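What follows is a set of notes on a single structure, which appears directly below.
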Amino acid sequence: MIVALAGGVGGARLAVGLAALLPPDRLTIVVNTGDDFEHLGFSISPDLDTVMYTLAGVADAERGWGRRDETWRFMEALGELGGDDWFRLGDRDLAVHVIRTRALATGARLSDITRELADRLGVRHAIVPMADEPVRTFVVTDSGELPFQEYFVRRRCEPVVSGFRFEGAERARPPRVLASVMQRKDIEGVVVCPSNPFISIGPILAVSAIRDWLEARRCPVVAVSPIIGGEAVKGPTAKMFRELGLQPSALAVARHYGGLVDRWVIDEQDAREAREIEVLGKHVMMTNTLMTDRVRSIELARTVIDLVRTARTPR
């Protein structure tokens with residue numbers, strides 16, 4: 001069993017590679033839900049849907065979110081009527097939100113709804129939200145504290161970031177299916193996907209039971225840097241590092257995670273940083289980490305799995 005922590009496009013793409021190499025009973029993908037929010041009366045889970053759509057092979061790779069071959073009749077009509085259309089909901093994507101919203105209203109768990117939706121889309125591997133309870137990411141900026149989607153979509157990541165808050169994390173608990181996985185004795189390792197460490201992985205680690213489990217683990221944790229050559233492939237990761245007073249780099253990411261990660265996979269462009277990461281007591285593997293297609297996702301996943309399986313027990 002390998003447990004992967006994921007969020008966003010980078011997490012989804014590595015999850016595809018891991019799923020191609022590991023059978024469903026040997027992989028659990030834990031996904032950030034700090035991005036979740038309620039909009040137009042719908043319960044929306046952007047990262048869960050990105051991972052689910054990507055594994056199902058229906059994601060829009062060009063946009064990096066939503067479904068391919070999407071239509072926008074609902075949004076067009078909403079705009080014509082003066083509705084709140086700053087957050088785009090495609091017609092096919094909207095069907096998922098309707099089903100999720102109705103199920104939650106009846107008292108169903110987010111983890112159970114996610115499993116049912118993934119099953120219907122043909123995804124066999126376990127996609128598990130980090131918690132069934134709501135956790136909401138707030139971004140502290142020079143424009144005040146903003147709900148994540150307000151910062152990310154409506155403000156286009158323009159405000160200067162100074163911190164983050166994960167509302168509800170103190171009450172959140174891993175879903176039953178994840179709690180069961182965390183008790184298993186056959187976990188080979190944990191993989192931290194190349195997701196934004198602040199807003200994709202940060203909320204997962206804010207769930208105390210998950211963080212405590214990682215700190216007490218008896219298996220290696222392998223992470224892939226989301227920074228390549230001082231920049232993020234997609235999203236505001238590098239911008240956030242700079243605004244927090246840190247030079248965006250693989251080394252900065254390694255320092256951010258500290259003792260939670262034992263082994264690092266960094267891009268060949270960042271070879272000059274390998275020695276400094278090793279000084280932190282970490283093993284470093286260098287390869288091409290840019291996942292431009294399914295083949296590259298599988299190649300990177302194979303490197304990660306090999307690194308997990310050759311690692312010594314850290315504790």
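Ordered as shown in the structure tokens, chains take letters A, B, and onward, while each chain numbers its residues from 1 and ligands are numbered from 1 in the order shown.
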
Shell around A:Gly107 at 12 Å using only C-alpha atoms, local window under 6 positions removed, as a PDB file with C-alpha atoms, in the first residue's frame:
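The result, stored in part27.pdb:
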```pdb
ATOM      1  CA  ARG A 100     -22.868  15.930  -4.489  1.00  0.00           C
ATOM      2  CA  THR A 101     -25.046  18.734  -3.133  1.00  0.00           C
ATOM      3  CA  ILE A 113     -20.240  10.505  -2.305  1.00  0.00           C
ATOM      4  CA  ASP A 132     -15.662  14.508   5.803  1.00  0.00           C
ATOM      5  CA  GLU A 133     -16.071  17.614   7.955  1.00  0.00           C
TER       6      GLU A 133
END
```

Find the nearest atom pair between each residue of stretch 202-307 of chain A and stretch 4-8 of chain A for residues within 10 Å, count only C-alpha atoms, give distances in Å to one decimal, sort rows by chain and ascending number, and present the table as CSV.
```
residue,atom,partner,partner_atom,distance
A:Pro203,CA,A:Gly7,CA,9.9
A:Ile204,CA,A:Leu5,CA,7.7
A:Leu205,CA,A:Leu5,CA,9.4
A:Val221,CA,A:Ala4,CA,9.6
A:Val222,CA,A:Ala4,CA,9.5
A:Ala223,CA,A:Leu5,CA,9.4
A:Lys234,CA,A:Gly8,CA,9.2
A:Gly235,CA,A:Gly8,CA,8.9
```

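Distance annotation: of A:Asp60, A:Glu188, A:Leu22, A:Glu215, the residue with the minimal separation from A:Val308 is A:Glu188; atom set is only C-alpha atoms.
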
Task: Selection: 12 Å around A:Tyr257, only C-alpha atoms, excl. self and same-chain fewer than 2 positions, as number ranges by chain - done: A: 192, 196-198, 201-202, 205, 211, 214-215, 221-225, 250-255, 259-264, 277, 280, 282

Store the residues picked out above in a file with C-alpha atoms, as a PDB file, in the first residue's frame.
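File written: part.pdb
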```pdb
ATOM      1  CA  VAL A 192       3.688  13.872  -1.316  1.00  0.00           C
ATOM      2  CA  ASN A 196       1.262  23.577  -3.775  1.00  0.00           C
ATOM      3  CA  PRO A 197       2.684  23.015  -0.251  1.00  0.00           C
ATOM      4  CA  PHE A 198       0.680  25.892   1.247  1.00  0.00           C
ATOM      5  CA  ILE A 201      -0.854  19.885   1.026  1.00  0.00           C
ATOM      6  CA  GLY A 202      -1.065  22.385   3.911  1.00  0.00           C
ATOM      7  CA  LEU A 205      -1.439  18.366   7.190  1.00  0.00           C
ATOM      8  CA  ARG A 211      -0.091  14.927  10.658  1.00  0.00           C
ATOM      9  CA  LEU A 214       2.962  11.021   9.479  1.00  0.00           C
ATOM     10  CA  GLU A 215       5.148  12.133  12.371  1.00  0.00           C
ATOM     11  CA  VAL A 221       7.847   9.687   2.941  1.00  0.00           C
ATOM     12  CA  VAL A 222       8.915  10.636  -0.584  1.00  0.00           C
ATOM     13  CA  ALA A 223       8.033  14.037  -2.048  1.00  0.00           C
ATOM     14  CA  VAL A 224       8.273  15.514  -5.529  1.00  0.00           C
ATOM     15  CA  SER A 225       9.148  19.203  -5.680  1.00  0.00           C
ATOM     16  CA  ALA A 250      13.379  22.889  -4.525  1.00  0.00           C
ATOM     17  CA  LEU A 251      15.500  23.667  -1.465  1.00  0.00           C
ATOM     18  CA  ALA A 252      12.866  26.062  -0.102  1.00  0.00           C
ATOM     19  CA  VAL A 253      10.196  23.374  -0.520  1.00  0.00           C
ATOM     20  CA  ALA A 254      12.398  20.825   1.272  1.00  0.00           C
ATOM     21  CA  ARG A 255      12.945  23.243   4.155  1.00  0.00           C
ATOM     22  CA  GLY A 259      11.291  16.344   8.982  1.00  0.00           C
ATOM     23  CA  LEU A 260       8.008  15.158   7.469  1.00  0.00           C
ATOM     24  CA  VAL A 261       9.789  14.146   4.243  1.00  0.00           C
ATOM     25  CA  ASP A 262      12.687  11.676   4.061  1.00  0.00           C
ATOM     26  CA  ARG A 263      13.464  11.521   0.341  1.00  0.00           C
ATOM     27  CA  TRP A 264      13.123  14.085  -2.428  1.00  0.00           C
ATOM     28  CA  ILE A 277      18.980  19.318   0.410  1.00  0.00           C
ATOM     29  CA  LEU A 280      19.336  18.563   5.570  1.00  0.00           C
ATOM     30  CA  LYS A 282      17.549  13.941   2.891  1.00  0.00           C
TER      31      LYS A 282
END
```

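Proximity ranking of A:Glu231, A:Asp186, A:Glu273, A:Glu170 relative to A:Val3 places A:Asp186 first, based on only C-alpha atoms.
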
Open item on the list: Under the rule that only C-alpha atoms are counted, which of A:Met182, A:Val304, A:Ile298, A:Leu290 is the nearest residue to A:Val265?
Closed with: A:Val304

- [ ] Choose the residue, out of A:Gly281, A:Pro236, A:Pro248, A:Gly11, that has the smallest atom-to-atom separation from A:Tyr151; count only C-alpha atoms.
- [x] A:Pro236

Task: Option closest in space to A:Val51, from A:His39, A:Arg73, A:His125, A:Arg102 [counting only C-alpha atoms] - done: A:His125

Open item on the list: What parts of stretch 32-224 of chain A does DSSP call strand (DSSP E or B)? I'd like the answer as a ChimeraX atom specification.
Closed with: /A:37-39,42-44,59,67,126-129,136-142,144-147,161-167,189-192,221-224

Open item on the list: Write out as JSON, numbers by chain the set of residues from stretch 233-278 of chain A that DSSP, computed on the backbone, places in helix (DSSP H, G or I).
Closed with: {"A": [237, 238, 239, 240, 241, 242, 243, 250, 251, 252, 253, 254, 255, 256, 257, 258, 259, 260, 268, 269, 270, 271, 272, 273, 274, 275, 276, 277, 278]}

Restricting it to C-alpha atoms, dump the selection as an mmCIF file, in the first residue's frame.
```cif
data_model
loop_
_atom_site.group_PDB
_atom_site.id
_atom_site.type_symbol
_atom_site.label_atom_id
_atom_site.label_comp_id
_atom_site.auth_asym_id
_atom_site.auth_seq_id
_atom_site.Cartn_x
_atom_site.Cartn_y
_atom_site.Cartn_z
ATOM 1 C CA THR A 237 3.223 28.429 -5.750
ATOM 2 C CA ALA A 238 6.317 30.439 -6.722
ATOM 3 C CA LYS A 239 4.470 33.741 -6.210
ATOM 4 C CA MET A 240 3.466 32.664 -2.698
ATOM 5 C CA PHE A 241 7.027 31.716 -1.786
ATOM 6 C CA ARG A 242 8.272 35.130 -2.893
ATOM 7 C CA GLU A 243 5.568 37.019 -1.026
ATOM 8 C CA ALA A 250 13.379 22.889 -4.525
ATOM 9 C CA LEU A 251 15.500 23.667 -1.465
ATOM 10 C CA ALA A 252 12.866 26.062 -0.102
ATOM 11 C CA VAL A 253 10.196 23.374 -0.520
ATOM 12 C CA ALA A 254 12.398 20.825 1.272
ATOM 13 C CA ARG A 255 12.945 23.243 4.155
ATOM 14 C CA HIS A 256 9.201 23.925 4.319
ATOM 15 C CA TYR A 257 8.342 20.251 4.861
ATOM 16 C CA GLY A 258 11.299 19.657 7.146
ATOM 17 C CA GLY A 259 11.291 16.344 8.982
ATOM 18 C CA LEU A 260 8.008 15.158 7.469
ATOM 19 C CA GLU A 268 17.364 17.956 -13.252
ATOM 20 C CA GLN A 269 17.265 21.731 -13.698
ATOM 21 C CA ASP A 270 17.690 22.041 -9.935
ATOM 22 C CA ALA A 271 20.727 19.771 -9.656
ATOM 23 C CA ARG A 272 22.739 22.547 -8.018
ATOM 24 C CA GLU A 273 20.390 22.409 -5.016
ATOM 25 C CA ALA A 274 20.725 18.672 -4.440
ATOM 26 C CA ARG A 275 23.738 18.961 -2.144
ATOM 27 C CA GLU A 276 22.049 21.548 0.075
ATOM 28 C CA ILE A 277 18.980 19.318 0.410
ATOM 29 C CA GLU A 278 21.223 16.374 1.270
#
```

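Neighbouring residues of stretch 12-15 of chain A at 9 Å or closer, counting only C-alpha atoms and skipping chain neighbours under 3 positions away, are A:Ala4, A:Ala6, A:Gly7, A:Gly8, A:Val9, A:Leu18, A:Ala19, A:Ala20, A:Ile29, A:Asp47, A:Thr50, A:Val51, A:Met52, A:Tyr53, A:Thr54, A:Leu55, A:Cys193, A:Pro194, A:Ser195, A:Met291, A:Thr292, A:Asp293, A:Arg294, A:Ser297, A:Ile298, A:Leu300, A:Ala301.
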
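For the pair atom CA of A:Val190 and atom CA of A:Phe138, the separation is 26.5 Å.
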
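The nearest approach to A:Gly64 among the residues A:Val128, A:Leu117, A:Val135, A:Val233, with only C-alpha atoms taken into account, belongs to A:Val233.
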
- [ ] Please measure the separation of atom CA of A:Glu150 and atom CA of A:Asp49, giving the value in Å to one decimal.
- [x] 18.6 Å

TODO: For A:Asp93, please output as a ChimeraX atom specification all residues within 8 Å (counting only C-alpha atoms; exclusion window: fewer than 2 positions along the same chain).
DONE: /A:66-67,70,89-91,95-97

Preceding selection exported with N, CA and C atoms as a PDB file, in the first residue's frame:
```pdb
ATOM      1  N   GLY A  66     -11.915  21.169 -14.656  1.00  0.00           N
ATOM      2  CA  GLY A  66     -13.148  20.825 -15.346  1.00  0.00           C
ATOM      3  C   GLY A  66     -12.985  19.675 -16.324  1.00  0.00           C
ATOM      4  N   ARG A  67     -14.058  19.452 -17.117  1.00  0.00           N
ATOM      5  CA  ARG A  67     -14.091  18.333 -18.050  1.00  0.00           C
ATOM      6  C   ARG A  67     -13.846  18.802 -19.485  1.00  0.00           C
ATOM      7  N   GLU A  70     -16.464  20.323 -22.879  1.00  0.00           N
ATOM      8  CA  GLU A  70     -17.483  20.946 -22.039  1.00  0.00           C
ATOM      9  C   GLU A  70     -18.319  21.928 -22.852  1.00  0.00           C
ATOM     10  N   LEU A  89     -18.811  27.166 -14.216  1.00  0.00           N
ATOM     11  CA  LEU A  89     -19.310  25.811 -14.043  1.00  0.00           C
ATOM     12  C   LEU A  89     -19.808  25.304 -15.387  1.00  0.00           C
ATOM     13  N   GLY A  90     -19.089  24.316 -15.944  1.00  0.00           N
ATOM     14  CA  GLY A  90     -19.523  23.742 -17.208  1.00  0.00           C
ATOM     15  C   GLY A  90     -20.766  22.890 -17.014  1.00  0.00           C
ATOM     16  N   ASP A  91     -21.489  22.634 -18.092  1.00  0.00           N
ATOM     17  CA  ASP A  91     -22.738  21.886 -17.999  1.00  0.00           C
ATOM     18  C   ASP A  91     -22.513  20.457 -17.499  1.00  0.00           C
ATOM     19  N   ALA A  95     -23.363  18.672 -13.363  1.00  0.00           N
ATOM     20  CA  ALA A  95     -24.081  17.459 -12.964  1.00  0.00           C
ATOM     21  C   ALA A  95     -23.448  16.822 -11.720  1.00  0.00           C
ATOM     22  N   VAL A  96     -22.117  16.852 -11.646  1.00  0.00           N
ATOM     23  CA  VAL A  96     -21.412  16.305 -10.480  1.00  0.00           C
ATOM     24  C   VAL A  96     -21.760  17.115  -9.235  1.00  0.00           C
ATOM     25  N   HIS A  97     -21.773  18.428  -9.368  1.00  0.00           N
ATOM     26  CA  HIS A  97     -22.072  19.283  -8.219  1.00  0.00           C
ATOM     27  C   HIS A  97     -23.510  19.090  -7.735  1.00  0.00           C
TER      28      HIS A  97
END
```
